[in-house]
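Q: File my_file-v3.cif follows (mmCIF, C-alpha atoms, pLDDT in the B column; chains and numbers go by the auth columns):
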```cif
data_target
#
loop_
_atom_site.group_PDB
_atom_site.id
_atom_site.type_symbol
_atom_site.label_atom_id
_atom_site.label_comp_id
_atom_site.label_asym_id
_atom_site.label_seq_id
_atom_site.Cartn_x
_atom_site.Cartn_y
_atom_site.Cartn_z
_atom_site.B_iso_or_equiv
_atom_site.auth_seq_id
_atom_site.auth_asym_id
ATOM 1 C CA PRO A 1 56.277 7.924 19.970 76.00 1 A
ATOM 2 C CA ALA A 2 58.571 9.570 22.538 87.00 2 A
ATOM 3 C CA ALA A 3 59.722 6.267 24.060 91.00 3 A
ATOM 4 C CA PRO A 4 60.962 4.615 20.835 91.00 4 A
ATOM 5 C CA SER A 5 62.395 7.965 19.703 91.00 5 A
ATOM 6 C CA ASN A 6 64.403 8.238 22.924 92.00 6 A
ATOM 7 C CA LEU A 7 65.489 4.617 22.523 94.00 7 A
ATOM 8 C CA ALA A 8 66.671 5.435 18.996 93.00 8 A
ATOM 9 C CA ALA A 9 68.815 8.247 20.394 93.00 9 A
ATOM 10 C CA ALA A 10 70.263 6.003 23.115 94.00 10 A
ATOM 11 C CA LEU A 11 71.120 3.235 20.659 94.00 11 A
ATOM 12 C CA ALA A 12 72.700 5.770 18.304 93.00 12 A
ATOM 13 C CA ALA A 13 74.944 6.925 21.151 92.00 13 A
ATOM 14 C CA LEU A 14 76.067 3.300 21.530 91.00 14 A
ATOM 15 C CA GLY A 15 76.742 2.962 17.814 88.00 15 A
ATOM 16 C CA ASP A 16 73.936 0.440 17.340 91.00 16 A
ATOM 17 C CA TRP A 17 72.610 1.949 14.124 91.00 17 A
ATOM 18 C CA GLU A 18 70.434 -1.007 13.120 91.00 18 A
ATOM 19 C CA GLY A 19 68.699 -0.897 16.495 94.00 19 A
ATOM 20 C CA SER A 20 68.431 2.885 16.341 95.00 20 A
ATOM 21 C CA LEU A 21 66.795 2.677 12.926 95.00 21 A
ATOM 22 C CA GLN A 22 64.268 0.101 14.114 94.00 22 A
ATOM 23 C CA ALA A 23 63.327 2.274 17.099 95.00 23 A
ATOM 24 C CA ALA A 24 63.054 5.399 14.941 95.00 24 A
ATOM 25 C CA VAL A 25 60.789 3.582 12.473 95.00 25 A
ATOM 26 C CA ALA A 26 58.628 2.481 15.408 95.00 26 A
ATOM 27 C CA ALA A 27 58.349 6.118 16.532 94.00 27 A
ATOM 28 C CA VAL A 28 57.238 7.213 13.066 94.00 28 A
ATOM 29 C CA GLY A 29 54.810 4.301 12.943 93.00 29 A
ATOM 30 C CA ALA A 30 53.234 5.547 16.150 93.00 30 A
ATOM 31 C CA ASP A 31 53.019 9.124 14.863 92.00 31 A
ATOM 32 C CA ALA A 32 53.781 9.910 11.220 91.00 32 A
ATOM 33 C CA GLY A 33 54.341 13.553 12.137 89.00 33 A
ATOM 34 C CA TRP A 34 56.997 12.839 14.781 91.00 34 A
ATOM 35 C CA VAL A 35 59.914 14.882 13.462 90.00 35 A
ATOM 36 C CA LYS A 36 62.528 13.340 15.760 91.00 36 A
ATOM 37 C CA GLY A 37 61.593 9.870 14.534 93.00 37 A
ATOM 38 C CA HIS A 38 62.150 10.822 10.895 94.00 38 A
ATOM 39 C CA TYR A 39 65.352 12.655 11.764 94.00 39 A
ATOM 40 C CA ARG A 40 66.843 9.805 13.792 94.00 40 A
ATOM 41 C CA ALA A 41 65.928 7.345 11.063 95.00 41 A
ATOM 42 C CA GLY A 42 67.807 9.575 8.622 95.00 42 A
ATOM 43 C CA GLN A 43 70.858 9.686 10.867 93.00 43 A
ATOM 44 C CA ALA A 44 70.888 5.907 11.267 94.00 44 A
ATOM 45 C CA LEU A 45 70.427 5.324 7.546 93.00 45 A
ATOM 46 C CA VAL A 46 73.404 7.576 6.785 91.00 46 A
ATOM 47 C CA LYS A 47 75.567 5.582 9.190 89.00 47 A
ATOM 48 C CA LEU A 48 74.363 2.379 7.562 87.00 48 A
ATOM 49 C CA GLY A 49 75.318 3.705 4.145 80.00 49 A
ATOM 50 C CA ARG A 50 71.711 3.743 2.916 85.00 50 A
ATOM 51 C CA PHE A 51 71.911 7.295 1.665 85.00 51 A
ATOM 52 C CA LYS A 52 68.918 7.393 -0.687 85.00 52 A
ATOM 53 C CA GLU A 53 66.662 6.162 2.088 90.00 53 A
ATOM 54 C CA ALA A 54 68.222 8.727 4.423 92.00 54 A
ATOM 55 C CA VAL A 55 67.277 11.518 1.999 90.00 55 A
ATOM 56 C CA GLU A 56 63.677 10.270 2.123 92.00 56 A
ATOM 57 C CA ALA A 57 63.724 10.109 5.927 94.00 57 A
ATOM 58 C CA PHE A 58 65.007 13.681 6.211 93.00 58 A
ATOM 59 C CA ASP A 59 62.314 14.688 3.726 91.00 59 A
ATOM 60 C CA GLY A 60 59.760 13.163 6.074 91.00 60 A
ATOM 61 C CA ALA A 61 61.083 15.356 8.888 92.00 61 A
ATOM 62 C CA LEU A 62 61.107 18.469 6.704 92.00 62 A
ATOM 63 C CA ARG A 63 57.454 17.991 5.784 91.00 63 A
ATOM 64 C CA HIS A 64 56.528 18.484 9.437 90.00 64 A
ATOM 65 C CA VAL A 65 58.621 21.515 10.420 87.00 65 A
ATOM 66 C CA GLY A 66 57.738 25.141 9.816 85.00 66 A
ATOM 67 C CA GLU A 67 59.867 27.814 8.203 87.00 67 A
ATOM 68 C CA ASP A 68 60.548 29.328 11.626 87.00 68 A
ATOM 69 C CA ASP A 69 61.680 26.040 13.189 86.00 69 A
ATOM 70 C CA PRO A 70 65.237 26.394 14.579 87.00 70 A
ATOM 71 C CA ASN A 71 66.099 22.920 13.267 85.00 71 A
ATOM 72 C CA LEU A 72 65.077 23.653 9.677 90.00 72 A
ATOM 73 C CA GLN A 73 68.513 24.608 8.371 91.00 73 A
ATOM 74 C CA ARG A 74 70.201 21.646 10.048 90.00 74 A
ATOM 75 C CA LEU A 75 67.683 19.255 8.530 91.00 75 A
ATOM 76 C CA ARG A 76 68.179 20.738 5.082 92.00 76 A
ATOM 77 C CA ARG A 77 71.942 20.583 5.446 92.00 77 A
ATOM 78 C CA GLU A 78 71.989 16.960 6.576 92.00 78 A
ATOM 79 C CA GLN A 79 69.585 15.989 3.812 91.00 79 A
ATOM 80 C CA GLU A 80 71.820 17.631 1.215 90.00 80 A
ATOM 81 C CA GLU A 81 74.879 15.876 2.669 91.00 81 A
ATOM 82 C CA ALA A 82 73.038 12.543 2.429 89.00 82 A
ATOM 83 C CA ARG A 83 72.042 13.354 -1.153 86.00 83 A
ATOM 84 C CA GLU A 84 75.674 14.109 -2.042 85.00 84 A
ATOM 85 C CA GLN A 85 76.839 10.885 -0.400 81.00 85 A
ATOM 86 C CA ALA A 86 74.205 8.986 -2.361 80.00 86 A
ATOM 87 C CA ARG A 87 75.690 10.362 -5.570 71.00 87 A
ATOM 88 C CA ARG A 88 79.207 9.271 -4.558 75.00 88 A
ATOM 89 C CA ALA A 89 78.392 5.991 -2.806 72.00 89 A
ATOM 90 C CA PRO A 90 79.500 2.606 -4.172 74.00 90 A
ATOM 91 C CA GLU A 91 76.676 0.937 -6.021 72.00 91 A
ATOM 92 C CA GLY A 92 77.527 -2.660 -5.164 83.00 92 A
ATOM 93 C CA ALA A 93 78.903 -4.708 -2.284 87.00 93 A
ATOM 94 C CA ARG A 94 82.158 -5.429 -4.113 87.00 94 A
ATOM 95 C CA ASP A 95 82.762 -1.752 -4.869 85.00 95 A
ATOM 96 C CA ALA A 96 82.085 -0.911 -1.232 86.00 96 A
ATOM 97 C CA ARG A 97 84.484 -3.586 -0.028 90.00 97 A
ATOM 98 C CA GLU A 98 87.263 -2.404 -2.334 88.00 98 A
ATOM 99 C CA ALA A 99 86.777 1.192 -1.194 86.00 99 A
ATOM 100 C CA ALA A 100 86.704 0.074 2.446 90.00 100 A
ATOM 101 C CA ASP A 101 89.879 -1.980 2.045 91.00 101 A
ATOM 102 C CA GLY A 102 91.584 1.082 0.595 88.00 102 A
ATOM 103 C CA ALA A 103 90.423 3.315 3.425 88.00 103 A
ATOM 104 C CA ARG A 104 91.587 0.776 5.997 90.00 104 A
ATOM 105 C CA ALA A 105 95.012 0.488 4.352 88.00 105 A
ATOM 106 C CA ALA A 106 95.286 4.276 4.518 87.00 106 A
ATOM 107 C CA GLY A 107 94.468 4.259 8.237 89.00 107 A
ATOM 108 C CA ASP A 108 90.998 5.783 7.813 90.00 108 A
ATOM 109 C CA TRP A 109 89.305 3.401 10.216 93.00 109 A
ATOM 110 C CA GLU A 110 86.052 5.328 10.591 91.00 110 A
ATOM 111 C CA GLY A 111 85.702 5.756 6.838 88.00 111 A
ATOM 112 C CA ALA A 112 86.426 2.073 6.302 91.00 112 A
ATOM 113 C CA LEU A 113 83.868 1.131 8.951 93.00 113 A
ATOM 114 C CA GLU A 114 81.157 3.120 7.184 87.00 114 A
ATOM 115 C CA LEU A 115 82.053 1.586 3.825 88.00 115 A
ATOM 116 C CA TYR A 116 82.056 -1.989 5.165 92.00 116 A
ATOM 117 C CA THR A 117 78.667 -1.293 6.731 91.00 117 A
ATOM 118 C CA ARG A 118 77.455 0.112 3.414 86.00 118 A
ATOM 119 C CA GLY A 119 78.675 -3.030 1.661 90.00 119 A
ATOM 120 C CA LEU A 120 76.877 -5.277 4.119 91.00 120 A
ATOM 121 C CA SER A 121 73.630 -3.421 3.472 85.00 121 A
ATOM 122 C CA LEU A 122 74.096 -4.161 -0.241 85.00 122 A
ATOM 123 C CA ALA A 123 75.310 -7.751 0.066 86.00 123 A
ATOM 124 C CA GLY A 124 73.057 -10.771 0.304 78.00 124 A
ATOM 125 C CA GLY A 125 72.867 -12.989 3.341 76.00 125 A
ATOM 126 C CA GLU A 126 75.439 -15.487 2.118 73.00 126 A
ATOM 127 C CA GLY A 127 78.626 -15.685 0.087 81.00 127 A
ATOM 128 C CA SER A 128 82.271 -14.759 0.115 85.00 128 A
ATOM 129 C CA GLU A 129 81.555 -11.052 -0.394 90.00 129 A
ATOM 130 C CA ARG A 130 79.598 -10.853 2.849 93.00 130 A
ATOM 131 C CA LEU A 131 82.288 -12.861 4.624 95.00 131 A
ATOM 132 C CA GLY A 132 84.997 -10.440 3.515 94.00 132 A
ATOM 133 C CA LEU A 133 82.926 -7.436 4.549 95.00 133 A
ATOM 134 C CA LEU A 134 82.278 -8.903 8.002 96.00 134 A
ATOM 135 C CA ASN A 135 85.956 -9.696 8.520 96.00 135 A
ATOM 136 C CA GLY A 136 86.965 -6.220 7.403 96.00 136 A
ATOM 137 C CA ARG A 137 84.434 -4.488 9.619 97.00 137 A
ATOM 138 C CA ALA A 138 85.445 -6.629 12.582 97.00 138 A
ATOM 139 C CA GLU A 139 89.041 -5.480 12.151 96.00 139 A
ATOM 140 C CA CYS A 140 87.925 -1.844 12.151 96.00 140 A
ATOM 141 C CA LEU A 141 85.825 -2.386 15.255 96.00 141 A
ATOM 142 C CA MET A 142 88.754 -4.091 16.981 96.00 142 A
ATOM 143 C CA HIS A 143 91.028 -1.180 16.171 95.00 143 A
ATOM 144 C CA MET A 144 88.448 1.265 17.519 95.00 144 A
ATOM 145 C CA GLY A 145 87.992 -0.689 20.760 94.00 145 A
ATOM 146 C CA GLU A 146 84.478 -1.924 19.925 95.00 146 A
ATOM 147 C CA LEU A 147 85.289 -5.460 20.985 96.00 147 A
ATOM 148 C CA ARG A 148 81.774 -6.787 21.554 95.00 148 A
ATOM 149 C CA ARG A 149 80.572 -5.513 18.217 95.00 149 A
ATOM 150 C CA ALA A 150 83.642 -7.053 16.596 96.00 150 A
ATOM 151 C CA LEU A 151 82.725 -10.371 18.245 97.00 151 A
ATOM 152 C CA GLN A 152 79.259 -10.218 16.706 96.00 152 A
ATOM 153 C CA ASP A 153 80.736 -9.798 13.223 96.00 153 A
ATOM 154 C CA CYS A 154 83.210 -12.637 13.828 97.00 154 A
ATOM 155 C CA ASP A 155 80.390 -14.891 15.012 97.00 155 A
ATOM 156 C CA GLU A 156 78.397 -14.173 11.867 96.00 156 A
ATOM 157 C CA ALA A 157 81.474 -14.680 9.684 96.00 157 A
ATOM 158 C CA LEU A 158 82.060 -18.079 11.270 97.00 158 A
ATOM 159 C CA ARG A 159 78.424 -19.062 10.776 96.00 159 A
ATOM 160 C CA LEU A 160 78.924 -18.323 7.095 94.00 160 A
ATOM 161 C CA SER A 161 82.306 -20.057 6.958 95.00 161 A
ATOM 162 C CA PRO A 162 83.381 -22.138 9.983 95.00 162 A
ATOM 163 C CA ASP A 163 86.830 -22.524 8.403 95.00 163 A
ATOM 164 C CA SER A 164 87.535 -18.789 8.158 96.00 164 A
ATOM 165 C CA LEU A 165 91.035 -18.497 9.607 97.00 165 A
ATOM 166 C CA GLU A 166 90.799 -14.713 9.647 96.00 166 A
ATOM 167 C CA ALA A 167 87.587 -14.737 11.675 97.00 167 A
ATOM 168 C CA LEU A 168 88.918 -17.311 14.143 97.00 168 A
ATOM 169 C CA LEU A 169 92.101 -15.361 14.785 97.00 169 A
ATOM 170 C CA ARG A 170 90.242 -12.089 15.164 97.00 170 A
ATOM 171 C CA ARG A 171 87.631 -13.566 17.501 97.00 171 A
ATOM 172 C CA GLY A 172 90.430 -15.092 19.542 97.00 172 A
ATOM 173 C CA ARG A 173 92.059 -11.679 19.876 97.00 173 A
ATOM 174 C CA ALA A 174 88.773 -10.039 20.832 97.00 174 A
ATOM 175 C CA ARG A 175 88.013 -12.680 23.439 97.00 175 A
ATOM 176 C CA GLU A 176 91.524 -12.361 24.803 96.00 176 A
ATOM 177 C CA GLU A 177 91.095 -8.586 25.150 96.00 177 A
ATOM 178 C CA LEU A 178 87.802 -9.195 26.954 95.00 178 A
ATOM 179 C CA GLU A 179 89.617 -11.633 29.290 95.00 179 A
ATOM 180 C CA ARG A 180 87.621 -14.617 28.054 96.00 180 A
ATOM 181 C CA PHE A 181 90.792 -16.640 27.986 96.00 181 A
ATOM 182 C CA GLY A 182 89.287 -20.128 27.754 96.00 182 A
ATOM 183 C CA ALA A 183 87.188 -19.179 24.741 97.00 183 A
ATOM 184 C CA ALA A 184 90.162 -17.368 23.189 97.00 184 A
ATOM 185 C CA ALA A 185 92.276 -20.503 23.561 97.00 185 A
ATOM 186 C CA GLN A 186 89.597 -22.516 21.745 97.00 186 A
ATOM 187 C CA ASP A 187 89.689 -20.092 18.827 97.00 187 A
ATOM 188 C CA PHE A 188 93.466 -20.145 18.596 97.00 188 A
ATOM 189 C CA ARG A 189 93.435 -23.965 18.703 97.00 189 A
ATOM 190 C CA GLY A 190 90.865 -23.970 15.922 97.00 190 A
ATOM 191 C CA ALA A 191 93.075 -21.658 13.888 97.00 191 A
ATOM 192 C CA LEU A 192 96.048 -23.984 14.397 97.00 192 A
ATOM 193 C CA GLN A 193 94.009 -26.919 13.157 96.00 193 A
ATOM 194 C CA LEU A 194 93.383 -24.972 9.977 96.00 194 A
ATOM 195 C CA ARG A 195 96.965 -23.750 9.676 96.00 195 A
ATOM 196 C CA PRO A 196 99.425 -25.561 11.972 96.00 196 A
ATOM 197 C CA THR A 197 102.272 -23.208 10.996 96.00 197 A
ATOM 198 C CA SER A 198 100.447 -20.011 12.039 96.00 198 A
ATOM 199 C CA GLN A 199 102.727 -18.116 14.383 96.00 199 A
ATOM 200 C CA VAL A 200 99.929 -15.696 15.232 96.00 200 A
ATOM 201 C CA ALA A 201 97.723 -18.549 16.419 97.00 201 A
ATOM 202 C CA SER A 202 100.581 -20.206 18.326 97.00 202 A
ATOM 203 C CA ALA A 203 101.476 -16.992 20.135 96.00 203 A
ATOM 204 C CA GLY A 204 97.810 -16.283 20.876 96.00 204 A
ATOM 205 C CA LEU A 205 97.297 -19.751 22.311 97.00 205 A
ATOM 206 C CA ARG A 206 100.355 -19.399 24.563 96.00 206 A
ATOM 207 C CA ARG A 207 99.140 -16.039 25.858 96.00 207 A
ATOM 208 C CA ALA A 208 95.586 -17.276 26.455 96.00 208 A
ATOM 209 C CA LEU A 209 96.713 -20.416 28.299 95.00 209 A
ATOM 210 C CA ALA A 210 99.157 -18.452 30.449 95.00 210 A
ATOM 211 C CA ALA A 211 96.472 -15.925 31.342 95.00 211 A
ATOM 212 C CA LEU A 212 93.975 -18.699 32.048 91.00 212 A
ATOM 213 C CA LYS A 213 96.443 -20.369 34.408 90.00 213 A
ATOM 214 C CA VAL A 214 96.876 -17.112 36.328 91.00 214 A
ATOM 215 C CA THR A 215 93.154 -16.439 36.614 87.00 215 A
ATOM 216 C CA GLU A 216 92.432 -19.955 37.778 81.00 216 A
ATOM 217 C CA GLY A 217 95.135 -19.649 40.410 66.00 217 A
#
```
Here is the file; what I need is its structure written in the form of structure tokens.
A:
Amino acid sequence: PAAPSNLAAALAALGDWEGSLQAAVAAVGADAGWVKGHYRAGQALVKLGRFKEAVEAFDGALRHVGEDDPNLQRLRREQEEAREQARRAPEGARDAREAADGARAAGDWEGALELYTRGLSLAGGEGSERLGLLNGRAECLMHMGELRRALQDCDEALRLSPDSLEALLRRGRAREELERFGAAAQDFRGALQLRPTSQVASAGLRRALAALKVTEG
């Protein structure tokens, strides 16, 4: 169980909470008494907004530590924090999105990111609610410099709705920041096809083409 547990920790450090959770679950599957596996699953579940499940994961860790374990108080504290968050958490994807939109408008990017992620865990695999959550989370990730993760959300948003102007513009910006100028130009062109009067798309296309010309010499 040590290998998947260590992988869970590494993925958590990268902010890949879904991957971290999967690795932590694998560690617990290999050894049901592996405290670090339960604990890292709890951490990942909190970040994913799945607070009730996080409480259960921390409980799994607590069942395998003694009263003299130096980590006992931390585990109890984090479990209680997860329990409190579960009491206050939005119960549906729409509630989570509205709360996330409010946090984003107030400049609380990390709080908004957690709420969008919570909403996505509650939303189904299709529909406008999921699309809005993906677009909102991508904006948070962009603001926080997580460009590749933002790209993943934009890609999923565009699979759900190829005509999402918001997702096209945001993916174009992310690709531009990553110096993928040809791909960025394609996105900005696509946005202009959807809305020919978009000044954001026009400016983005000009920047991407100029940068592409420089890089190609």
Q: Could you list, as a PyMOL selection string, every residue matched by the PyMOL selection byres ((chain A and resi 102-116) around 12) in this structure?
A: chain A and resi 15+17+44-51+85+88-101+117-123+129-146+149-150+153
Q: For stretch 159-171 of chain A, list every protein, DNA or RNA residue within 7 Å, evaluated using only C-alpha atoms, and leave out those in the same chain fewer than 2 positions away; present the list as a list in words.
A: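 Within the cut-off, the hits are Glu126, Leu131, Asn135, Leu151, Cys154, Asp155, Glu156, Ala157, Arg173, Ala174, Arg175, Asp187, Phe188, Ala191, Leu194 and Ala201 of chain A.
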Q: Just to confirm, what's the straight-line distance from atom CA of A:Leu147 to atom CA of A:Glu177 in Å (one decimal)?
A: 7.8 Å
Q: Go ahead and compute the interatomic distance for atom CA of A:Asp59 and atom CA of A:Leu75, in Å to one decimal.
A: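 That distance, rounded to one decimal, is 8.5 Å.
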Q: With 5 Å on each side, where is the centre of the axis-aligned box around all listed atoms of stretch 98-114 of chain A, and how long are its edges in Å to one decimal, as AutoDock Vina command-line options?
A:
```
--center_x 88.2 --center_y 1.7 --center_z 4.1 --size_x 24.1 --size_y 18.2 --size_z 22.9
```
Q: Once N, CA and C atoms are restored for stretch 147-183 of chain A, what would the output be as an mmCIF file, keeping the file's coordinate frame?
A:
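After the write, out-v6.cif holds the following:
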```
data_model
loop_
_atom_site.group_PDB
_atom_site.id
_atom_site.type_symbol
_atom_site.label_atom_id
_atom_site.label_comp_id
_atom_site.auth_asym_id
_atom_site.auth_seq_id
_atom_site.Cartn_x
_atom_site.Cartn_y
_atom_site.Cartn_z
ATOM 1 N N LEU A 147 84.996 -4.030 20.984
ATOM 2 C CA LEU A 147 85.289 -5.460 20.985
ATOM 3 C C LEU A 147 84.030 -6.326 20.886
ATOM 4 N N ARG A 148 82.986 -5.951 21.579
ATOM 5 C CA ARG A 148 81.774 -6.787 21.554
ATOM 6 C C ARG A 148 81.095 -6.743 20.189
ATOM 7 N N ARG A 149 81.127 -5.593 19.567
ATOM 8 C CA ARG A 149 80.572 -5.513 18.217
ATOM 9 C C ARG A 149 81.442 -6.299 17.232
ATOM 10 N N ALA A 150 82.747 -6.258 17.441
ATOM 11 C CA ALA A 150 83.642 -7.053 16.596
ATOM 12 C C ALA A 150 83.334 -8.539 16.760
ATOM 13 N N LEU A 151 83.079 -8.971 17.997
ATOM 14 C CA LEU A 151 82.725 -10.371 18.245
ATOM 15 C C LEU A 151 81.476 -10.777 17.467
ATOM 16 N N GLN A 152 80.495 -9.899 17.434
ATOM 17 C CA GLN A 152 79.259 -10.218 16.706
ATOM 18 C C GLN A 152 79.541 -10.454 15.224
ATOM 19 N N ASP A 153 80.404 -9.610 14.636
ATOM 20 C CA ASP A 153 80.736 -9.798 13.223
ATOM 21 C C ASP A 153 81.527 -11.085 13.017
ATOM 22 N N CYS A 154 82.446 -11.386 13.933
ATOM 23 C CA CYS A 154 83.210 -12.637 13.828
ATOM 24 C C CYS A 154 82.294 -13.843 13.939
ATOM 25 N N ASP A 155 81.335 -13.783 14.858
ATOM 26 C CA ASP A 155 80.390 -14.891 15.012
ATOM 27 C C ASP A 155 79.609 -15.121 13.722
ATOM 28 N N GLU A 156 79.153 -14.022 13.117
ATOM 29 C CA GLU A 156 78.397 -14.173 11.867
ATOM 30 C C GLU A 156 79.297 -14.704 10.752
ATOM 31 N N ALA A 157 80.533 -14.203 10.706
ATOM 32 C CA ALA A 157 81.474 -14.680 9.684
ATOM 33 C C ALA A 157 81.703 -16.180 9.818
ATOM 34 N N LEU A 158 81.805 -16.653 11.042
ATOM 35 C CA LEU A 158 82.060 -18.079 11.270
ATOM 36 C C LEU A 158 80.809 -18.922 11.030
ATOM 37 N N ARG A 159 79.643 -18.330 11.177
ATOM 38 C CA ARG A 159 78.424 -19.062 10.776
ATOM 39 C C ARG A 159 78.401 -19.245 9.255
ATOM 40 N N LEU A 160 78.867 -18.220 8.550
ATOM 41 C CA LEU A 160 78.924 -18.323 7.095
ATOM 42 C C LEU A 160 80.013 -19.285 6.642
ATOM 43 N N SER A 161 81.152 -19.244 7.349
ATOM 44 C CA SER A 161 82.306 -20.057 6.958
ATOM 45 C C SER A 161 83.060 -20.500 8.206
ATOM 46 N N PRO A 162 82.721 -21.666 8.759
ATOM 47 C CA PRO A 162 83.381 -22.138 9.983
ATOM 48 C C PRO A 162 84.899 -22.287 9.845
ATOM 49 N N ASP A 163 85.396 -22.362 8.624
ATOM 50 C CA ASP A 163 86.830 -22.524 8.403
ATOM 51 C C ASP A 163 87.523 -21.201 8.057
ATOM 52 N N SER A 164 86.914 -20.087 8.420
ATOM 53 C CA SER A 164 87.535 -18.789 8.158
ATOM 54 C C SER A 164 88.651 -18.547 9.170
ATOM 55 N N LEU A 165 89.886 -18.710 8.729
ATOM 56 C CA LEU A 165 91.035 -18.497 9.607
ATOM 57 C C LEU A 165 91.054 -17.071 10.129
ATOM 58 N N GLU A 166 90.776 -16.127 9.261
ATOM 59 C CA GLU A 166 90.799 -14.713 9.647
ATOM 60 C C GLU A 166 89.808 -14.435 10.773
ATOM 61 N N ALA A 167 88.604 -14.975 10.653
ATOM 62 C CA ALA A 167 87.587 -14.737 11.675
ATOM 63 C C ALA A 167 87.953 -15.418 12.992
ATOM 64 N N LEU A 168 88.507 -16.612 12.921
ATOM 65 C CA LEU A 168 88.918 -17.311 14.143
ATOM 66 C C LEU A 168 90.014 -16.548 14.886
ATOM 67 N N LEU A 169 91.012 -16.103 14.158
ATOM 68 C CA LEU A 169 92.101 -15.361 14.785
ATOM 69 C C LEU A 169 91.598 -14.062 15.396
ATOM 70 N N ARG A 170 90.732 -13.381 14.671
ATOM 71 C CA ARG A 170 90.242 -12.089 15.164
ATOM 72 C C ARG A 170 89.332 -12.290 16.376
ATOM 73 N N ARG A 171 88.488 -13.319 16.333
ATOM 74 C CA ARG A 171 87.631 -13.566 17.501
ATOM 75 C C ARG A 171 88.476 -13.968 18.701
ATOM 76 N N GLY A 172 89.530 -14.740 18.452
ATOM 77 C CA GLY A 172 90.430 -15.092 19.542
ATOM 78 C C GLY A 172 91.051 -13.866 20.172
ATOM 79 N N ARG A 173 91.480 -12.912 19.354
ATOM 80 C CA ARG A 173 92.059 -11.679 19.876
ATOM 81 C C ARG A 173 91.036 -10.882 20.669
ATOM 82 N N ALA A 174 89.812 -10.793 20.137
ATOM 83 C CA ALA A 174 88.773 -10.039 20.832
ATOM 84 C C ALA A 174 88.442 -10.685 22.177
ATOM 85 N N ARG A 175 88.307 -11.987 22.177
ATOM 86 C CA ARG A 175 88.013 -12.680 23.439
ATOM 87 C C ARG A 175 89.153 -12.530 24.436
ATOM 88 N N GLU A 176 90.373 -12.556 23.928
ATOM 89 C CA GLU A 176 91.524 -12.361 24.803
ATOM 90 C C GLU A 176 91.482 -10.965 25.433
ATOM 91 N N GLU A 177 91.174 -9.950 24.629
ATOM 92 C CA GLU A 177 91.095 -8.586 25.150
ATOM 93 C C GLU A 177 89.978 -8.446 26.182
ATOM 94 N N LEU A 178 88.922 -9.220 26.010
ATOM 95 C CA LEU A 178 87.802 -9.195 26.954
ATOM 96 C C LEU A 178 88.022 -10.129 28.136
ATOM 97 N N GLU A 179 89.211 -10.725 28.199
ATOM 98 C CA GLU A 179 89.617 -11.633 29.290
ATOM 99 C C GLU A 179 88.774 -12.900 29.331
ATOM 100 N N ARG A 180 88.303 -13.319 28.176
ATOM 101 C CA ARG A 180 87.621 -14.617 28.054
ATOM 102 C C ARG A 180 88.668 -15.614 27.549
ATOM 103 N N PHE A 181 89.591 -15.949 28.425
ATOM 104 C CA PHE A 181 90.792 -16.640 27.986
ATOM 105 C C PHE A 181 90.533 -18.078 27.519
ATOM 106 N N GLY A 182 89.588 -18.770 28.183
ATOM 107 C CA GLY A 182 89.287 -20.128 27.754
ATOM 108 C C GLY A 182 88.716 -20.156 26.345
ATOM 109 N N ALA A 183 87.777 -19.249 26.071
ATOM 110 C CA ALA A 183 87.188 -19.179 24.741
ATOM 111 C C ALA A 183 88.226 -18.739 23.708
#
```
